[in-house]
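model.cif follows (mmCIF, C-alpha atoms):
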```
data_final
#
loop_
_atom_site.label_atom_id
_atom_site.label_comp_id
_atom_site.auth_asym_id
_atom_site.auth_seq_id
_atom_site.Cartn_x
_atom_site.Cartn_y
_atom_site.Cartn_z
CA MET A 1 28.44 5.90 11.45
CA ARG A 2 24.78 4.94 11.25
CA ILE A 3 23.35 3.68 7.96
CA ALA A 4 19.69 2.87 7.31
CA THR A 5 18.12 0.98 4.43
CA LEU A 6 14.54 1.87 3.60
CA CYS A 7 11.59 0.20 1.91
CA GLY A 8 7.82 0.13 2.27
CA MET A 9 7.59 -2.57 4.90
CA GLY A 10 11.07 -2.77 6.35
CA PHE A 11 11.95 -6.43 5.98
CA GLY A 12 11.95 -7.48 2.32
CA THR A 13 13.70 -5.10 -0.04
CA SER A 14 15.34 -3.08 2.72
CA MET A 15 16.57 -6.27 4.37
CA MET A 16 18.14 -7.39 1.10
CA LEU A 17 19.79 -3.97 0.82
CA LYS A 18 20.98 -4.20 4.44
CA LEU A 19 22.68 -7.55 3.74
CA SER A 20 24.48 -6.08 0.72
CA VAL A 21 25.49 -2.92 2.57
CA GLU A 22 26.91 -4.98 5.45
CA ASP A 23 28.93 -7.10 3.01
CA ILE A 24 30.33 -4.00 1.32
CA LEU A 25 31.26 -2.31 4.61
CA GLU A 26 33.01 -5.44 5.79
CA GLU A 27 34.99 -5.66 2.54
CA GLU A 28 35.98 -2.01 2.83
CA GLY A 29 36.81 -2.29 6.53
CA ILE A 30 34.28 0.35 7.58
CA LYS A 31 32.53 0.12 10.91
CA ALA A 32 28.90 1.19 10.89
CA LYS A 33 25.58 0.22 12.38
CA VAL A 34 23.14 -0.81 9.64
CA GLU A 35 19.41 -1.06 10.25
CA SER A 36 16.38 -1.50 8.01
CA TRP A 37 13.52 0.98 8.23
CA ASP A 38 10.02 1.05 6.80
CA LEU A 39 8.09 4.00 5.42
CA GLY A 40 5.73 4.07 8.38
CA SER A 41 8.39 4.56 11.03
CA HIS A 42 11.40 6.21 9.39
CA LYS A 43 10.33 9.78 10.08
CA GLY A 44 12.00 11.26 13.12
CA GLN A 45 14.78 8.67 13.05
CA GLN A 46 18.38 9.72 12.48
CA ALA A 47 20.99 8.15 10.24
CA ASP A 48 24.08 9.50 8.50
CA ILE A 49 23.20 7.73 5.27
CA ILE A 50 19.93 6.27 3.97
CA VAL A 51 20.15 3.65 1.20
CA ALA A 52 16.84 3.12 -0.65
CA PRO A 53 15.32 1.88 -3.92
CA ASP A 54 15.28 4.79 -6.38
CA ASP A 55 11.52 5.10 -6.53
CA MET A 56 11.50 5.92 -2.80
CA GLU A 57 13.07 9.29 -3.67
CA ARG A 58 9.82 11.21 -3.17
CA HIS A 59 9.63 9.99 0.43
CA LEU A 60 13.14 11.25 1.19
CA LYS A 61 12.93 14.82 -0.07
CA ASP A 62 13.03 16.37 3.40
CA SER A 63 15.63 13.99 4.77
CA GLU A 64 18.65 15.50 6.48
CA SER A 65 20.62 12.30 5.88
CA LYS A 66 22.76 11.67 2.83
CA VAL A 67 20.57 9.65 0.47
CA VAL A 68 21.86 6.85 -1.79
CA LEU A 69 19.32 5.68 -4.40
CA ILE A 70 19.68 2.24 -6.02
CA SER A 71 17.88 0.97 -9.11
CA ARG A 72 19.19 -2.61 -9.39
CA LEU A 73 18.92 -3.86 -5.83
CA THR A 74 20.69 -7.15 -6.51
CA ASP A 75 23.65 -5.41 -8.15
CA GLU A 76 26.31 -5.15 -5.47
CA GLU A 77 28.59 -3.16 -7.80
CA GLU A 78 26.01 -0.41 -8.17
CA ILE A 79 25.40 -0.28 -4.42
CA LYS A 80 29.12 -0.28 -3.65
CA GLU A 81 29.95 2.46 -6.13
CA LYS A 82 27.19 4.81 -4.97
CA LEU A 83 27.57 4.10 -1.26
CA MET A 84 31.37 4.40 -1.18
CA LYS A 85 31.22 7.71 -3.07
CA VAL A 86 29.03 9.17 -0.32
CA ILE A 87 31.14 7.66 2.48
CA ARG A 88 34.34 9.10 0.96
CA GLU A 89 32.72 12.54 0.62
CA MET A 90 31.78 12.41 4.29
CA GLU A 91 35.32 11.49 5.25
CA ASP A 92 36.79 14.50 3.39
CA MET B 1 27.57 -28.01 -16.19
CA ASN B 2 29.85 -30.21 -14.08
CA GLU B 3 30.71 -27.53 -11.51
CA ILE B 4 27.18 -27.30 -10.20
CA LYS B 5 26.48 -28.04 -6.57
CA LYS B 6 23.34 -27.89 -4.45
CA LEU B 7 22.87 -25.11 -1.91
CA PRO B 8 23.53 -26.02 1.71
CA ASP B 9 20.40 -27.25 3.47
CA GLN B 10 20.74 -24.96 6.45
CA PHE B 11 19.40 -22.02 4.47
CA ASP B 12 16.02 -23.70 4.24
CA LEU B 13 15.27 -22.14 0.88
CA LYS B 14 15.20 -25.60 -0.66
CA GLU B 15 12.72 -26.70 1.96
CA LEU B 16 10.61 -23.57 1.50
CA LEU B 17 10.47 -23.61 -2.27
CA THR B 18 8.80 -26.93 -2.98
CA ILE B 19 7.95 -27.98 -6.53
CA ASP B 20 4.24 -27.17 -6.09
CA GLN B 21 5.17 -23.54 -5.43
CA VAL B 22 6.87 -23.23 -8.82
CA ARG B 23 5.27 -22.60 -12.24
CA ALA B 24 7.17 -22.07 -15.49
CA ASN B 25 6.00 -20.11 -18.52
CA ILE B 26 2.67 -18.76 -17.32
CA ALA B 27 0.65 -16.55 -19.68
CA VAL B 28 -0.70 -13.41 -17.96
CA GLU B 29 -2.28 -10.14 -19.14
CA ASP B 30 -0.81 -7.85 -16.51
CA TRP B 31 1.08 -7.70 -13.19
CA GLU B 32 -2.10 -8.11 -11.17
CA GLU B 33 -2.84 -11.44 -12.83
CA ALA B 34 0.74 -12.53 -12.17
CA ALA B 35 0.30 -11.59 -8.49
CA ASP B 36 -3.02 -13.47 -8.34
CA ILE B 37 -1.51 -16.63 -9.83
CA ILE B 38 1.58 -16.71 -7.63
CA GLY B 39 -0.54 -15.79 -4.61
CA GLU B 40 -2.93 -18.63 -5.35
CA LEU B 41 -0.03 -21.11 -5.21
CA LEU B 42 0.61 -20.03 -1.62
CA VAL B 43 -3.09 -20.00 -0.72
CA GLU B 44 -3.65 -23.50 -2.12
CA ALA B 45 -0.70 -24.81 -0.12
CA GLU B 46 -2.27 -23.21 2.97
CA LYS B 47 0.80 -21.05 3.55
CA VAL B 48 -1.12 -17.75 3.49
CA GLU B 49 -4.73 -16.57 3.86
CA PRO B 50 -6.44 -15.34 0.67
CA GLU B 51 -6.29 -11.75 2.00
CA TYR B 52 -2.49 -11.91 1.83
CA VAL B 53 -2.66 -11.88 -1.98
CA GLU B 54 -4.73 -8.68 -1.92
CA LYS B 55 -2.30 -7.13 0.56
CA MET B 56 0.67 -7.90 -1.72
CA LYS B 57 -1.06 -6.13 -4.60
CA GLN B 58 -2.07 -3.26 -2.36
CA ALA B 59 1.53 -2.86 -1.16
CA LEU B 60 2.70 -2.44 -4.73
CA ASP B 61 -0.13 -0.03 -5.48
CA ASP B 62 0.43 2.05 -2.35
CA MET B 63 4.19 2.15 -2.17
CA GLY B 64 5.34 1.99 -5.76
CA PRO B 65 7.04 -0.62 -7.90
CA TYR B 66 10.29 -0.69 -5.90
CA MET B 67 9.66 -4.43 -5.46
CA VAL B 68 10.97 -4.88 -8.99
CA VAL B 69 14.39 -5.43 -7.49
CA ALA B 70 16.41 -6.18 -10.63
CA PRO B 71 15.87 -6.03 -14.40
CA GLY B 72 12.90 -8.32 -15.09
CA VAL B 73 12.63 -9.60 -11.50
CA ALA B 74 9.85 -8.75 -9.01
CA LEU B 75 9.81 -9.76 -5.35
CA LEU B 76 6.27 -9.49 -3.98
CA HIS B 77 5.30 -9.68 -0.33
CA ALA B 78 3.14 -8.12 2.35
CA ARG B 79 3.50 -8.05 6.14
CA PRO B 80 3.50 -11.02 8.54
CA GLU B 81 0.23 -9.78 10.07
CA ASP B 82 -1.46 -9.67 6.64
CA GLY B 83 -2.26 -13.38 6.77
CA VAL B 84 0.94 -15.47 6.71
CA LEU B 85 0.34 -18.96 8.13
CA GLU B 86 3.81 -20.38 7.49
CA PRO B 87 7.08 -18.99 6.09
CA CYS B 88 6.87 -19.53 2.35
CA VAL B 89 8.18 -18.62 -1.06
CA ALA B 90 6.87 -19.14 -4.60
CA LEU B 91 8.32 -18.54 -8.04
CA ILE B 92 6.71 -18.15 -11.45
CA THR B 93 8.12 -17.22 -14.83
CA LEU B 94 6.00 -15.46 -17.45
CA GLU B 95 5.62 -16.48 -21.07
CA GLU B 96 5.54 -12.79 -22.05
CA PRO B 97 6.95 -10.10 -19.74
CA VAL B 98 4.54 -7.54 -18.21
CA GLU B 99 4.93 -3.97 -16.96
CA PHE B 100 5.01 -3.35 -13.21
CA GLY B 101 5.57 0.38 -13.56
CA HIS B 102 9.28 0.44 -12.69
CA GLU B 103 11.25 3.01 -14.67
CA GLU B 104 14.39 0.95 -15.20
CA ASN B 105 13.68 -2.68 -14.39
CA ASP B 106 10.50 -3.27 -16.41
CA PRO B 107 9.28 -5.45 -18.06
CA VAL B 108 9.14 -8.36 -15.63
CA ASP B 109 9.19 -12.07 -16.48
CA ILE B 110 10.41 -13.56 -13.17
CA VAL B 111 8.12 -13.16 -10.15
CA PHE B 112 8.83 -14.25 -6.58
CA ALA B 113 6.43 -14.00 -3.69
CA PHE B 114 7.25 -14.64 -0.08
CA GLY B 115 5.55 -14.64 3.27
CA ALA B 116 7.42 -14.13 6.52
CA THR B 117 6.06 -14.83 10.00
CA ASP B 118 8.22 -12.19 11.69
CA LYS B 119 10.86 -9.64 10.79
CA GLU B 120 13.90 -11.83 11.37
CA SER B 121 13.51 -15.55 10.70
CA HIS B 122 13.39 -15.26 6.90
CA ILE B 123 16.75 -13.49 6.71
CA PRO B 124 18.88 -16.58 5.90
CA ALA B 125 16.46 -17.53 3.10
CA LEU B 126 16.46 -13.93 1.85
CA LYS B 127 20.24 -13.92 1.87
CA THR B 128 20.32 -17.04 -0.31
CA LEU B 129 17.65 -15.56 -2.58
CA ALA B 130 19.73 -12.39 -3.01
CA LYS B 131 22.82 -14.46 -3.76
CA GLN B 132 20.96 -16.47 -6.39
CA LEU B 133 19.51 -13.32 -8.01
CA LYS B 134 23.01 -11.85 -8.28
CA SER B 135 24.15 -14.78 -10.39
CA LYS B 136 23.76 -14.24 -14.12
CA ASP B 137 23.93 -18.02 -14.62
CA VAL B 138 21.01 -18.60 -12.28
CA ILE B 139 18.90 -15.89 -13.95
CA LYS B 140 19.72 -17.35 -17.36
CA ALA B 141 18.77 -20.87 -16.22
CA ILE B 142 15.51 -19.57 -14.70
CA ARG B 143 14.60 -17.79 -17.97
CA SER B 144 15.33 -20.82 -20.12
CA ALA B 145 13.46 -23.35 -17.95
CA GLN B 146 10.41 -24.67 -19.80
CA THR B 147 8.96 -27.00 -17.17
CA ASP B 148 8.19 -26.59 -13.47
CA GLU B 149 10.83 -29.23 -12.66
CA ASN B 150 13.50 -27.42 -14.69
CA LEU B 151 12.61 -24.10 -13.11
CA HIS B 152 12.71 -25.55 -9.61
CA GLU B 153 16.12 -27.05 -10.25
CA ALA B 154 17.40 -23.89 -11.97
CA PHE B 155 16.60 -21.76 -8.97
CA LEU B 156 17.99 -24.13 -6.35
CA THR B 157 21.25 -24.83 -8.13
CA THR B 158 24.26 -22.71 -7.34
CA HIS B 159 27.07 -22.01 -9.79
CA ASP B 160 30.73 -21.48 -9.02
CA GLU B 161 31.83 -18.22 -10.55
#
```
Take the structure in the file and give it back as structure tokens.
Amino acid sequence: MRIATLCGMGFGTSMMLKLSVEDILEEEGIKAKVESWDLGSHKGQQADIIVAPDDMERHLKDSESKVVLISRLTDEEEIKEKLMKVIREMED
Amino acid sequence: MNEIKKLPDQFDLKELLTIDQVRANIAVEDWEEAADIIGELLVEAEKVEPEYVEKMKQALDDMGPYMVVAPGVALLHARPEDGVLEPCVALITLEEPVEFGHEENDPVDIVFAFGATDKESHIPALKTLAKQLKSKDVIKAIRSAQTDENLHEAFLTTHDE
């Protein structure tokens, strides 16, 4: 599985999200490659799931990936709940 | 308060966030003034070029208020090539919260700014920052700090939960 985190510049907010996503995946025993993307270069790239701050929604309208939108980026519970829901749906 | 311990030094956050990059209880009119004031702390310390402050504001203008990462907490930055001289971080708290335009996490009274020199080397410091921001005790201590010294200590102290 390939998971991307997205933000405007690719190394602040998205990096914080990446760290949380990696922690969650490790806890849940799920193997996936996680990378952080920025708005300038994400188009044309492929990922199974994109995790992004919720006000990035407008940039992800045409995305073929599953999109997980987060409002409280420091809240690991919110990220876990939303991310695991999508992962479980994909496994079904 | 007896279960408090200092963060390990290897994360470098303690080294990065020196007392002169911290200001408690600043009065500002709007988010732009908050960005100017925190940016000026980094400019005065010769950590970033003056243009970096403009780029941070421009980033928020162009890309939306997603940098308001948690309720009341903004994390401002621009790109390494926008004028970062040294890896750095600054922290201010606001006397009265201001709107950044985020639907859920406004208004903001805790503002961080950071400058990174590349896309990797700030990750350990960012990891510690994220850990601190997740702690309700840390956020509470940051909000109740009235002096720069108290604020500095509040942010760099970790709590066992």
_Residue hits in chain A, query chain B, radius 10 Å, all atoms listed in the file, as a count of residues only_ = 26
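Comparing the minimum interatomic distances between Met84 in chain A and each of A:Lys33, A:Lys61, A:His42, A:Lys66, counting all atoms listed in the file, we find that A:Lys66 sits nearest.
Interatomic distance, CA of Leu151 in chain B to CA of Leu94 in chain B: 11.7 Å.
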Starting from the displayed file, determine the output of the PyMOL selection byres ((chain B and resi 147) around 8) and express the residue list as a tab-separated table (two decimals) with C-alpha atoms, in the coordinates of the input.
```tsv
chain	number	residue	atom	x	y	z
B	23	ARG	CA	5.27	-22.60	-12.24
B	24	ALA	CA	7.17	-22.07	-15.49
B	25	ASN	CA	6.00	-20.11	-18.52
B	145	ALA	CA	13.46	-23.35	-17.95
B	146	GLN	CA	10.41	-24.67	-19.80
B	148	ASP	CA	8.19	-26.59	-13.47
B	149	GLU	CA	10.83	-29.23	-12.66
B	150	ASN	CA	13.50	-27.42	-14.69
B	151	LEU	CA	12.61	-24.10	-13.11
```
*asked:* As a check of understanding, name the residues that the PyMOL selection byres ((chain B and resi 95) around 9) selects in the supplied structure, as a PyMOL selection string.
replied: chain B and resi 24-28+93-94+96-97+109
